[in-house]
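*Asks:* Encoded as structure tokens, here's the structure I'll be asking about.
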Amino acid sequence: MTTADSLDDIGNPALGTDSRKVYILPTRFGMLYAGAILMMLLVSVNYNNGLGHLFTFMLVAIGIVAMHYTQRNLVGLSVSIHPGKPVFSGDMAQGSVRVHETRHRSRYALWLRGGDSQSRFDLPADGHTRIELNFKTGSRGWQPLPEIYFVSIFPVGLLCAWSKRLVQGPDNEVSQLVYPRPAAVWSSPISFDSQAHGAGNGSHADDGDFRGLRGHRKEDPPSRIHWRNSARGSGLVSKQFEGTGSAGICLDYADTRNTDHESRLSELCRWILDADSAGTSYALRLPGLSIAADQGGRHRARCLKALALCPDPANITQDDNP
Amino acid sequence: MSTPGGHKTHDRVESEFRPVKPRRWQFPQPPSAPLEAPTRAALATTVMTVPLALGLHVMYQPLWLGVVVMTLVAVRLITLARGLLVPGKLLRWILTLAMLVLLLTEYRTIFGRTAGSAMLIAFTALKVIETDSLRDAMFLNILTAIVVLAAFLFDQSPSTAAIGFFCLALVISNFVLLVAPGSFTIKGAMLLTSRIILHGIPLAIVAYVLFPRIEGSLWGMADDKPRAISGLSEQVAPGSISELSLNDAVAFRVEFNQDRPHHDQLYWRTLVLDRFDGRTWSRAERRHEVFPADTNPKLVAYDMTLEATDKTWLPLLETPVSVSIGNPLSNLALGETRQPIRERIRFKAASVTARYMATGPPDDHLTDLYPGINKKIIALAQDLAGDPADNPNAEMIAARALELFTQSPFRYSLQPPLLDGEPVYQFLFNTRNGYCEHYASAFATLMRAAGIPARLVVGYQGGEYNPTGDYTIVRQSNAHAWAEIWVDGRGWRRIDPTAAVAPERVEIGVDALRRGDSLAGFNSGFGTSGIRNMLRSGWLGDNLRRIRHLSDAFVYQWNNWVMAYGPQRQQQLMKRLGVATPDWPWLVMTLTAAFAVFMIATYLLLSATSRQAETPLKHYRRFKSKLARAGIRVMPSEGPLSLSKRAAEALPDHAETIETIGKTYICLRYSRSPNEMGLIGLRRAVAGFKPDRGKFR
């Protein structure tokens, strides 16, 4: 039921548009329309024109009914905001917003605005859709998803309704992961001659001698998991190899040239990217955390995430008083 | 990177991220309205709505304006179809200037109804030429609505109203097409529009009825040229009434409050003409004293809806005793308004239908004869008067005169021969063939020659009863002339010589005559073609008449409720609805209350229509909230399968129910094959699911 699972995470009751959260004001056209009505009324009164009165009041009534329609177009959407793939600091992240229609009526010309995106969509009754949410990322770490809101001037364009800004609450624990920005220049002090050891060799994870199995630890790369044994129900089991870790290079926080914490992380980031693209197996050592040498996309993602969330050692001592 | 340490960043983010209760309420700032380029179809419908609205003005504007405007619209439609650009700014400026110059030469002003409308039309047409963006198109649609309203100032007939309101529907549907480009077909937009309009109609009607109407105008109605209205004129010469005999235009409509008087009593006196120069009867210039109000118990009260006449006089039945508009009745027992009647008006009046009208004694000049009167006329009059020694009564003399008309070869005809020279003489002694004004004129002259004060009265006689609407229609063809003579000691008495010579004219009415019910002699006057006769009588004619009555009843109600709905009628209606003092504040307050009721009703109505459907998702949501209450954390990203599995583990007592709900929901929501439990099963399962919080903990 993957379809079911992927479709169903949209019913987040924490986010949505209800009537108390929808504002409505006339647009410029609405102002113009109101001005026209006022003029028409004056003319009708002046000429004692019955039909003119009726016509004017019909316009008034349409404006008022349209107000209900415009508000109705926005109320009753169930919304969830989802982060995109991790990106480097300063890049555009591409999250997504899932909107579900919950009031059994079709919606038209809805606009979603948030971050740097603005897109228009229609929704069939009880339908749902996924809308890209592009936003610029700031500093590394967990970045809150941008506030989003819905706007609509449907059906007559005289009134503009918009929802309160919707923000993903902390309960959902979903934020955009932002990696440090890789340092621009080549700054690696490490030569990649060790790459001969690890690279070019298909089954990279098994390059050492098999030593045995042990319980899976968090830092073990997924490629080391002994799936057959793990599947027997005794929890995850990792394979242990002799010489693993020494086969690749070690990217150590202490080796970085910069003194500033952020710049050091940027430098490390660059190293990781370079090592990854070179196909080298690499280990990462950060203050208080080390990741065993490995290679591949998952390893890279793990290392970059560690960088993204790496606390400044200078601050830890001050801040981490229990 | 100048950001602080990662950990700190994270913390800061977390705290900022919390949905803190909004700090302080701030006035919501509206975002700028999202705008999209309009589709070509939406632009085309917008442009095509314009000529329909402009078409309503065709009759009231110079031809050249219509041609110019239609050309501009056609040019824009062609450029739209070909995907060409709008004309450049320079060309548009030149067009605008040229238009302004032309209009100023035509009207010399830009104010007033006609010139103002012309400016509006020209401006709209110029706007059409440059309409390309959403803003232009929205503006053009609003302009179109204004153009429609301007057309209503010239004509408020049901057909104009129908076209005007159709234009409004098109305008709204254009809005829909513009605001949601690509989402709607034209038909879909029209459907949505009709729903919006239907929702709005109650409010529009309530506002229409309750909005306080004022008497008079806010600013002058400058330059409004009176329309040429055919009807009675202040002077009567041979032929001036018979020319109206084929005019079917409605003069007025009357609703009698009680029983309708008999047809031969329906004399609608409009003007009294007491000066005669041998050819033309006219009014003497003098001020009238106020006619003393009579308190006769046998009053005939009626409501009259009078069409625009551009004159000040009112046609009132017989001897009027009260009238709800205009000046007090004059001593000639005539009603008059202060201003020429430019629009249809409705008023109340009451009359008595007594034989004599007891107003003051006549002036001396009412026995004046015109200079150069033929001696034969005087001789005839003296003959009728008989011997002065017999002291003949005025009424006796009149009876003799009428006898003369019936016995001699006098004929009643709508197309009498032309009378040259001295019309009265020619008529009495040569042609002896005439219409009502000939008879009345000759009769009054004879009476004067016999020394009896006499005058000519012009007005309408009879009227067609409309059983559908229970009112009487009086048309221009009912225009009539008769005479009044002074009977000493009694008052003025109406004498209608036409009734003597052609009693049918008065008994059954001119309409019946024209239908050819009787009197072969009349056929010569009304065309002898067989088809017309067939239409006038027989089954087909009856049905046509019925349809005519029906449509006239509609027009009559339309006039009453749309065109004549002014301050008086509003007050009348409110009083009839039982409101003791329907004054201004009352109206405003009631209107406000009605508005509030409308807002709530619309809201409820609109939310009710959307609550009808029952979906699996709705029940699943309830299931989820029940789980949440039972202490199971429902992850937003969790699907029904994993959630129900986890829930079943957490609540082993309810495992079966939870599993059923999960499976049924997945099946109903995502599978095409029907589930045996169905929606009802899901609803029951969810309703029966009562997780106990205590057990879980």
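Chain lettering (A, B, ...) mirrors the order of the structure tokens, residue numbering begins at 1 for each chain separately, and ligand numbering begins at 1 in order of display.
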Which neighbours of range 32-36 of chain B fall inside 7 Å, counting only C-alpha atoms, when residues of the same chain fewer than 6 positions from it are skipped, and could you give them as a PDB file with N, CA and C atoms, in the first residue's frame?
*Replies:*
ATOM      1  N   THR A  27     -10.354  43.629  -3.554  1.00  0.00           N
ATOM      2  CA  THR A  27      -9.184  43.910  -4.380  1.00  0.00           C
ATOM      3  C   THR A  27      -9.343  45.303  -4.980  1.00  0.00           C
ATOM      4  N   ILE A 153      -8.799  34.972  -5.445  1.00  0.00           N
ATOM      5  CA  ILE A 153      -9.756  36.031  -5.768  1.00  0.00           C
ATOM      6  C   ILE A 153     -10.935  35.449  -6.542  1.00  0.00           C
ATOM      7  N   CYS A 160     -10.449  39.487  -2.323  1.00  0.00           N
ATOM      8  CA  CYS A 160      -9.270  38.645  -2.181  1.00  0.00           C
ATOM      9  C   CYS A 160      -9.334  38.001  -0.800  1.00  0.00           C
TER      10      CYS A 160
END
*Asks:* Quick check, in Å to one decimal: how far apart do CA of Arg621 in chain B and CA of Ile658 in chain B lie?
*Replies:*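 These atoms are spaced 13.3 Å apart.
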*Asks:* When you draw a straight line from CA of Pro155 in chain A to CA of Thr602 in chain B, how long is it in Å?
*Replies:*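 Separation of CA of Pro155 in chain A and CA of Thr602 in chain B: 15.9 Å.
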*Asks:* What parts of range 310-383 of chain B does DSSP call helix (DSSP H, G or I)? I'd like the answer as a ChimeraX atom specification.
*Replies:* /B:364-367,375-383
*Asks:* Near range 661-663 of chain B, counting only C-alpha atoms, which residues have an atom at most 10 Å away, once you skip same-chain residues fewer than 5 positions from it, shown as a ChimeraX atom specification?
*Replies:* /B:619-620,623,639-645,655-656,668-669,675,677,681-686,689
*Asks:* Restricting the calculation to only C-alpha atoms, which member of A:Ile81, A:Ala161, A:Leu42, A:Val156 is positioned closest to chain B?
*Replies:* A:Val156
*Asks:* If you count only C-alpha atoms, which residues fall within 10 Å of Ala628 in chain B, apart from same-chain ones fewer than 6 positions away, as a PyMOL selection string?
*Replies:* chain B and resi 622+634-635+691+693
*Asks:* Those same residues - C-alpha atoms - I'd like them written as a PDB file, in the first residue's frame.
*Replies:*
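Here's the written file part_36.pdb:
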ATOM      1  CA  ARG B 622     -12.602  10.377  13.278  1.00  0.00           C
ATOM      2  CA  VAL B 634      -0.706   9.888  15.066  1.00  0.00           C
ATOM      3  CA  MET B 635       2.133  10.851  12.807  1.00  0.00           C
ATOM      4  CA  PRO B 691     -10.518   2.813  22.945  1.00  0.00           C
ATOM      5  CA  ARG B 693      -7.342   5.416  27.643  1.00  0.00           C
TER       6      ARG B 693
END
*Asks:* Any idea what the distance is between CA of Tyr370 in chain B and CA of Thr445 in chain B?
*Replies:*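 CA of Tyr370 in chain B sits 8.8 Å away from CA of Thr445 in chain B.
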